[in-house]
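Here's the structure we're looking at; comments come further down.
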Amino acid sequence: MSKRLENQSALVTGGGAGIGRAIAIRLASEGARVLVADINEEGAGETVRLIGDSASAIHLDVTQRVSAAGMVAAAAERHGRLDIAVGNAGIMDRMPFLEMTDEFWNKVIGLNLSGAFMCGQEAARQMAAQDGGGGRIVFVASNSGQFGGRGRAAYGASKAGLMNLTQSMAIELAEHDIRVNAVGPGPTKTRDEQGDVPPPSVMSRMPLARFGRPEEVAAVAAFLASEDSSFVTGHTYFADGGYTVAGMMEG
Ligand SMILES: NC(=O)c1ccc[n+]([C@@H]2O[C@H](COP(=O)([O-])OP(=O)(O)OC[C@H]3O[C@@H](n4cnc5c(N)ncnc54)[C@H](O)[C@@H]3O)[C@@H](O)[C@H]2O)c1
């Protein structure tokens, strides 16, 4: 593995499982020191164990401003600065629109969108203020942010909002040498109960016709976190097997 992130300071929210864990492992394998931040301390600890000495863990609840600020302060203290912040923590939960409660809506938006805002803002403030300035912020969006889906009014809105937040942050933070991008996973196999293949509604419009692997999403996140993407900002780069470009598939 190339060491294009040698000695960089990184943090990953929701790094204690699934895609976030794969991103933390990938950044570390490219040379970064990684702060693994998660509400599930056991999961974060397991990610650190898998990485080794270049990682450490911290408890984080992305819905709490004080917790987001504490995470960024810890990264700056432990590593001397913050170069890369990955806003990955999120929940995918569905509820029919006519039955959707305020509580459900606020939970999904609060975690996926407001949480990303607070963590992203805290990270950007650190990056703008530190010696030499600059950094890279990478959010984990979703193909559900690109178009509507059954039961996904809250989830889709949270991810569409995150993609627009990515654009606005990129515009305002460019003068501080901070690039902001997102990776948009399609259906990615992170747990056993998902089965071996995506459901028929997905398979019918997915050219690569399989689940993505967390490592395949992590590879795109690492590209966006590295200088290999030095002229890329404000974009969502989909790692989705072609799902978001598929229209009529018969014939
Ligand atoms: N798996 C997929 O198919 C898929 C597809 C598109 C987008 N995504 C997005 O990728 C991201 C990761 O998804 P995943 O499938 O790996 O999920 P996951 O549930 O396996 O992992 C999410 C992690 O976030 C943590 N977390 C939850 N609430 C938190 C909070 N309040 N504060 C801090 N950490 C918290 C969890 O403890 C967990 O470790 C999410 O943003 C999700 O929306 C996933």
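We label chains A, B, ... in the order they appear in the structure tokens, count residues from 1 in each chain, and number ligands from 1 in the order shown.
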May I have the residues within 7 Å of ligand 1, computed using only C-alpha atoms and all ligand atoms, as a PDB file with N, CA and C atoms, in the first residue's frame?
```
ATOM      1  N   THR A  13     -15.491   9.581  12.086  1.00  0.00           N
ATOM      2  CA  THR A  13     -16.665   9.401  12.950  1.00  0.00           C
ATOM      3  C   THR A  13     -17.396   8.117  12.543  1.00  0.00           C
ATOM      4  N   GLY A  14     -17.940   7.435  13.531  1.00  0.00           N
ATOM      5  CA  GLY A  14     -18.577   6.146  13.252  1.00  0.00           C
ATOM      6  C   GLY A  14     -17.557   5.114  12.786  1.00  0.00           C
ATOM      7  N   GLY A  15     -16.337   5.257  13.294  1.00  0.00           N
ATOM      8  CA  GLY A  15     -15.251   4.363  12.865  1.00  0.00           C
ATOM      9  C   GLY A  15     -15.260   3.012  13.562  1.00  0.00           C
ATOM     10  N   GLY A  16     -16.291   2.765  14.367  1.00  0.00           N
ATOM     11  CA  GLY A  16     -16.308   1.523  15.130  1.00  0.00           C
ATOM     12  C   GLY A  16     -16.989   0.354  14.440  1.00  0.00           C
ATOM     13  N   ALA A  17     -17.435   0.534  13.196  1.00  0.00           N
ATOM     14  CA  ALA A  17     -18.112  -0.562  12.484  1.00  0.00           C
ATOM     15  C   ALA A  17     -18.157  -0.246  10.991  1.00  0.00           C
ATOM     16  N   GLY A  18     -18.500  -1.260  10.221  1.00  0.00           N
ATOM     17  CA  GLY A  18     -18.869  -1.099   8.818  1.00  0.00           C
ATOM     18  C   GLY A  18     -17.925  -0.256   7.968  1.00  0.00           C
ATOM     19  N   ILE A  19     -18.517   0.675   7.249  1.00  0.00           N
ATOM     20  CA  ILE A  19     -17.765   1.511   6.304  1.00  0.00           C
ATOM     21  C   ILE A  19     -16.749   2.389   7.040  1.00  0.00           C
ATOM     22  N   GLY A  20     -17.144   2.929   8.191  1.00  0.00           N
ATOM     23  CA  GLY A  20     -16.231   3.787   8.963  1.00  0.00           C
ATOM     24  C   GLY A  20     -14.994   3.028   9.409  1.00  0.00           C
ATOM     25  N   ALA A  37     -13.595   7.554  16.245  1.00  0.00           N
ATOM     26  CA  ALA A  37     -14.590   8.169  17.126  1.00  0.00           C
ATOM     27  C   ALA A  37     -15.942   7.505  16.912  1.00  0.00           C
ATOM     28  N   ASP A  38     -16.535   7.044  18.007  1.00  0.00           N
ATOM     29  CA  ASP A  38     -17.803   6.326  17.851  1.00  0.00           C
ATOM     30  C   ASP A  38     -18.574   6.365  19.165  1.00  0.00           C
ATOM     31  N   ILE A  39     -19.904   6.299  19.050  1.00  0.00           N
ATOM     32  CA  ILE A  39     -20.737   6.223  20.254  1.00  0.00           C
ATOM     33  C   ILE A  39     -20.596   4.843  20.882  1.00  0.00           C
ATOM     34  N   ASN A  40     -20.216   3.873  20.069  1.00  0.00           N
ATOM     35  CA  ASN A  40     -19.979   2.505  20.536  1.00  0.00           C
ATOM     36  C   ASN A  40     -18.480   2.332  20.812  1.00  0.00           C
ATOM     37  N   GLY A  43     -16.851  -0.985  19.763  1.00  0.00           N
ATOM     38  CA  GLY A  43     -16.566  -1.053  18.329  1.00  0.00           C
ATOM     39  C   GLY A  43     -15.333  -0.242  17.961  1.00  0.00           C
ATOM     40  N   LEU A  60     -17.723   9.356  21.025  1.00  0.00           N
ATOM     41  CA  LEU A  60     -18.309  10.492  20.305  1.00  0.00           C
ATOM     42  C   LEU A  60     -19.803  10.270  20.126  1.00  0.00           C
ATOM     43  N   ASP A  61     -20.567  11.312  20.419  1.00  0.00           N
ATOM     44  CA  ASP A  61     -21.965  11.335  19.996  1.00  0.00           C
ATOM     45  C   ASP A  61     -22.099  12.521  19.051  1.00  0.00           C
ATOM     46  N   VAL A  62     -22.238  12.248  17.749  1.00  0.00           N
ATOM     47  CA  VAL A  62     -22.233  13.335  16.759  1.00  0.00           C
ATOM     48  C   VAL A  62     -23.396  14.312  16.935  1.00  0.00           C
ATOM     49  N   THR A  63     -24.412  13.917  17.706  1.00  0.00           N
ATOM     50  CA  THR A  63     -25.560  14.814  17.887  1.00  0.00           C
ATOM     51  C   THR A  63     -25.298  15.857  18.972  1.00  0.00           C
ATOM     52  N   ASN A  88     -18.553  10.086   8.799  1.00  0.00           N
ATOM     53  CA  ASN A  88     -19.189   8.862   8.300  1.00  0.00           C
ATOM     54  C   ASN A  88     -20.387   8.430   9.138  1.00  0.00           C
ATOM     55  N   ALA A  89     -20.402   8.787  10.424  1.00  0.00           N
ATOM     56  CA  ALA A  89     -21.448   8.260  11.321  1.00  0.00           C
ATOM     57  C   ALA A  89     -22.832   8.571  10.756  1.00  0.00           C
ATOM     58  N   GLY A  90     -23.688   7.568  10.761  1.00  0.00           N
ATOM     59  CA  GLY A  90     -25.036   7.775  10.253  1.00  0.00           C
ATOM     60  C   GLY A  90     -25.894   6.562  10.534  1.00  0.00           C
ATOM     61  N   ILE A  91     -27.213   6.766  10.449  1.00  0.00           N
ATOM     62  CA  ILE A  91     -28.117   5.627  10.561  1.00  0.00           C
ATOM     63  C   ILE A  91     -29.017   5.585   9.345  1.00  0.00           C
ATOM     64  N   MET A  92     -29.290   4.375   8.890  1.00  0.00           N
ATOM     65  CA  MET A  92     -30.252   4.178   7.815  1.00  0.00           C
ATOM     66  C   MET A  92     -31.480   3.529   8.447  1.00  0.00           C
ATOM     67  N   LEU A 111     -28.868  13.067  13.393  1.00  0.00           N
ATOM     68  CA  LEU A 111     -27.623  12.296  13.365  1.00  0.00           C
ATOM     69  C   LEU A 111     -26.894  12.460  12.026  1.00  0.00           C
ATOM     70  N   ASN A 112     -27.622  12.247  10.933  1.00  0.00           N
ATOM     71  CA  ASN A 112     -26.951  12.200   9.627  1.00  0.00           C
ATOM     72  C   ASN A 112     -26.568  13.580   9.082  1.00  0.00           C
ATOM     73  N   VAL A 140     -19.601  10.848   4.253  1.00  0.00           N
ATOM     74  CA  VAL A 140     -20.146   9.634   3.639  1.00  0.00           C
ATOM     75  C   VAL A 140     -21.629   9.888   3.393  1.00  0.00           C
ATOM     76  N   ALA A 141     -21.977  10.096   2.136  1.00  0.00           N
ATOM     77  CA  ALA A 141     -23.360  10.374   1.740  1.00  0.00           C
ATOM     78  C   ALA A 141     -24.041   9.049   1.390  1.00  0.00           C
ATOM     79  N   SER A 142     -24.853   9.019   0.342  1.00  0.00           N
ATOM     80  CA  SER A 142     -25.539   7.780  -0.054  1.00  0.00           C
ATOM     81  C   SER A 142     -26.216   7.997  -1.392  1.00  0.00           C
ATOM     82  N   ASN A 143     -26.408   6.903  -2.124  1.00  0.00           N
ATOM     83  CA  ASN A 143     -27.200   7.048  -3.347  1.00  0.00           C
ATOM     84  C   ASN A 143     -28.629   7.482  -3.019  1.00  0.00           C
ATOM     85  N   GLY A 184     -20.306   8.608  -2.011  1.00  0.00           N
ATOM     86  CA  GLY A 184     -21.694   8.153  -1.950  1.00  0.00           C
ATOM     87  C   GLY A 184     -21.776   6.652  -2.176  1.00  0.00           C
ATOM     88  N   PRO A 185     -21.857   5.879  -1.107  1.00  0.00           N
ATOM     89  CA  PRO A 185     -21.952   4.426  -1.303  1.00  0.00           C
ATOM     90  C   PRO A 185     -23.322   4.046  -1.848  1.00  0.00           C
ATOM     91  N   GLY A 186     -23.352   2.988  -2.629  1.00  0.00           N
ATOM     92  CA  GLY A 186     -24.603   2.307  -2.930  1.00  0.00           C
ATOM     93  C   GLY A 186     -24.761   1.209  -1.896  1.00  0.00           C
ATOM     94  N   PRO A 187     -25.649   0.238  -2.124  1.00  0.00           N
ATOM     95  CA  PRO A 187     -25.832  -0.843  -1.152  1.00  0.00           C
ATOM     96  C   PRO A 187     -24.504  -1.556  -0.869  1.00  0.00           C
ATOM     97  N   THR A 188     -24.093  -1.495   0.381  1.00  0.00           N
ATOM     98  CA  THR A 188     -22.779  -1.992   0.788  1.00  0.00           C
ATOM     99  C   THR A 188     -22.977  -3.023   1.878  1.00  0.00           C
ATOM    100  N   LYS A 189     -22.338  -4.138   1.746  1.00  0.00           N
ATOM    101  CA  LYS A 189     -22.550  -5.228   2.698  1.00  0.00           C
ATOM    102  C   LYS A 189     -21.780  -4.960   3.985  1.00  0.00           C
ATOM    103  N   THR A 190     -22.526  -4.594   5.030  1.00  0.00           N
ATOM    104  CA  THR A 190     -21.874  -4.341   6.320  1.00  0.00           C
ATOM    105  C   THR A 190     -22.387  -5.282   7.408  1.00  0.00           C
TER     106      THR A 190
END
```
Considering only C-alpha atoms, give me a table of residues in range 118-200 of chain A that are at most 12 Å from range 222-234 of chain A, with the closest atom pair and distance in Å for each, as JSON lines.
```
{"residue": "A:Gly134", "atom": "CA", "partner": "A:Ser230", "partner_atom": "CA", "distance": 11.8}
{"residue": "A:Gly135", "atom": "CA", "partner": "A:Ala225", "partner_atom": "CA", "distance": 8.6}
{"residue": "A:Arg136", "atom": "CA", "partner": "A:Ala225", "partner_atom": "CA", "distance": 5.7}
{"residue": "A:Ile137", "atom": "CA", "partner": "A:Ala225", "partner_atom": "CA", "distance": 7.1}
{"residue": "A:Val138", "atom": "CA", "partner": "A:Ala225", "partner_atom": "CA", "distance": 6.7}
{"residue": "A:Phe139", "atom": "CA", "partner": "A:Leu224", "partner_atom": "CA", "distance": 9.8}
{"residue": "A:Val140", "atom": "CA", "partner": "A:Leu224", "partner_atom": "CA", "distance": 11.2}
{"residue": "A:Leu162", "atom": "CA", "partner": "A:Gly234", "partner_atom": "CA", "distance": 11.0}
{"residue": "A:Met163", "atom": "CA", "partner": "A:Gly234", "partner_atom": "CA", "distance": 8.3}
{"residue": "A:Asn164", "atom": "CA", "partner": "A:Gly234", "partner_atom": "CA", "distance": 8.5}
{"residue": "A:Leu165", "atom": "CA", "partner": "A:Gly234", "partner_atom": "CA", "distance": 8.8}
{"residue": "A:Thr166", "atom": "CA", "partner": "A:Gly234", "partner_atom": "CA", "distance": 5.5}
{"residue": "A:Gln167", "atom": "CA", "partner": "A:Gly234", "partner_atom": "CA", "distance": 4.2}
{"residue": "A:Ser168", "atom": "CA", "partner": "A:Gly234", "partner_atom": "CA", "distance": 7.4}
{"residue": "A:Met169", "atom": "CA", "partner": "A:Gly234", "partner_atom": "CA", "distance": 7.5}
{"residue": "A:Ala170", "atom": "CA", "partner": "A:Gly234", "partner_atom": "CA", "distance": 4.9}
{"residue": "A:Ile171", "atom": "CA", "partner": "A:Gly234", "partner_atom": "CA", "distance": 7.2}
{"residue": "A:Glu172", "atom": "CA", "partner": "A:Gly234", "partner_atom": "CA", "distance": 10.2}
{"residue": "A:Leu173", "atom": "CA", "partner": "A:Thr233", "partner_atom": "CA", "distance": 9.9}
{"residue": "A:Ala174", "atom": "CA", "partner": "A:Thr233", "partner_atom": "CA", "distance": 8.3}
{"residue": "A:Asp177", "atom": "CA", "partner": "A:Ser230", "partner_atom": "CA", "distance": 10.2}
{"residue": "A:Ile178", "atom": "CA", "partner": "A:Thr233", "partner_atom": "CA", "distance": 8.7}
{"residue": "A:Arg179", "atom": "CA", "partner": "A:Thr233", "partner_atom": "CA", "distance": 5.2}
{"residue": "A:Val180", "atom": "CA", "partner": "A:Thr233", "partner_atom": "CA", "distance": 5.3}
{"residue": "A:Asn181", "atom": "CA", "partner": "A:Gly234", "partner_atom": "CA", "distance": 5.0}
{"residue": "A:Ala182", "atom": "CA", "partner": "A:Gly234", "partner_atom": "CA", "distance": 7.7}
{"residue": "A:Val183", "atom": "CA", "partner": "A:Leu224", "partner_atom": "CA", "distance": 8.1}
{"residue": "A:Gly184", "atom": "CA", "partner": "A:Leu224", "partner_atom": "CA", "distance": 11.8}
```
Give the strand (DSSP E) residues of range 167-221 of chain A, as assigned by DSSP on the backbone, as a ChimeraX atom specification. /A:178-185
Counting only C-alpha atoms, which of A:Gly149, A:Gly195, A:Gly133, A:Pro207 gets nearest to Gly247 in chain A? A:Pro207
Option closest in space to Thr244 in chain A, from A:Phe97, A:Tyr155, A:Phe211, A:Phe147 [counting only C-alpha atoms]: A:Phe147
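Residues lying within 6 Å of Leu35 in chain A, counting only C-alpha atoms and ignoring same-chain neighbours fewer than 2 positions away, are Leu11, Ala55, Ser56 and Ala57 of chain A.
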Name the residues of range 4-172 of chain A that fall into helix (DSSP H, G or I) according to DSSP on the backbone, using the chain letters and numbers of this document, as number ranges by chain. A: 18-29, 41-51, 65-79, 97-99, 102-129, 143-145, 153-172
Pick out the residues sitting within 9 Å of Ala75 in chain A, and hand them over as a PDB file with C-alpha atoms, in the first residue's frame; count only C-alpha atoms, and ignore anything fewer than 6 positions along from it in its own chain.
```
ATOM      1  CA  SER A   9      -3.587  13.304  11.312  1.00  0.00           C
ATOM      2  CA  ALA A  10      -7.037  11.875  10.637  1.00  0.00           C
ATOM      3  CA  LEU A  11     -10.292  11.261  12.457  1.00  0.00           C
ATOM      4  CA  VAL A  34      -6.223   7.822  13.047  1.00  0.00           C
ATOM      5  CA  LEU A  35      -8.599   8.840  15.818  1.00  0.00           C
ATOM      6  CA  ARG A  81      -2.879  18.944  14.125  1.00  0.00           C
ATOM      7  CA  LEU A  82      -5.833  17.703  12.051  1.00  0.00           C
TER       8      LEU A  82
END
```
Gly110 in chain A: which residues within 10 Å, counting only C-alpha atoms, same-chain residues fewer than 5 positions away excluded, as a ChimeraX atom specification? /A:62-64,90,104-105,115-117,158
Based on the selection just made, write N, CA and C atoms of those residues as a compact mmCIF listing (two decimals), in the first residue's frame.
```
# COMPACT_ATOMS: atom_id res chain seq x y z
N VAL A 62 -22.24 12.25 17.75
CA VAL A 62 -22.23 13.33 16.76
C VAL A 62 -23.40 14.31 16.94
N THR A 63 -24.41 13.92 17.71
CA THR A 63 -25.56 14.81 17.89
C THR A 63 -25.30 15.86 18.97
N GLN A 64 -24.15 15.77 19.63
CA GLN A 64 -23.83 16.70 20.72
C GLN A 64 -22.64 17.58 20.34
N GLY A 90 -23.69 7.57 10.76
CA GLY A 90 -25.04 7.77 10.25
C GLY A 90 -25.89 6.56 10.53
N PHE A 104 -38.95 10.43 14.75
CA PHE A 104 -38.16 9.67 13.78
C PHE A 104 -37.39 10.61 12.85
N TRP A 105 -38.13 11.59 12.32
CA TRP A 105 -37.51 12.57 11.40
C TRP A 105 -36.32 13.26 12.07
N GLY A 115 -25.43 16.22 12.70
CA GLY A 115 -24.19 15.65 13.24
C GLY A 115 -23.02 15.92 12.31
N ALA A 116 -23.24 15.75 11.02
CA ALA A 116 -22.17 16.02 10.04
C ALA A 116 -21.82 17.51 10.04
N PHE A 117 -22.84 18.36 10.16
CA PHE A 117 -22.60 19.81 10.22
C PHE A 117 -21.69 20.16 11.40
N SER A 158 -31.76 13.58 4.52
CA SER A 158 -30.52 13.83 5.29
C SER A 158 -29.30 13.72 4.38
```
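Residue neighbourhood of Gly31 in chain A, excluding near-sequence residues (fewer than 5 positions): Lys3, Leu5, Glu6 and Asn7 of chain A, at 6 Å, using only C-alpha atoms.
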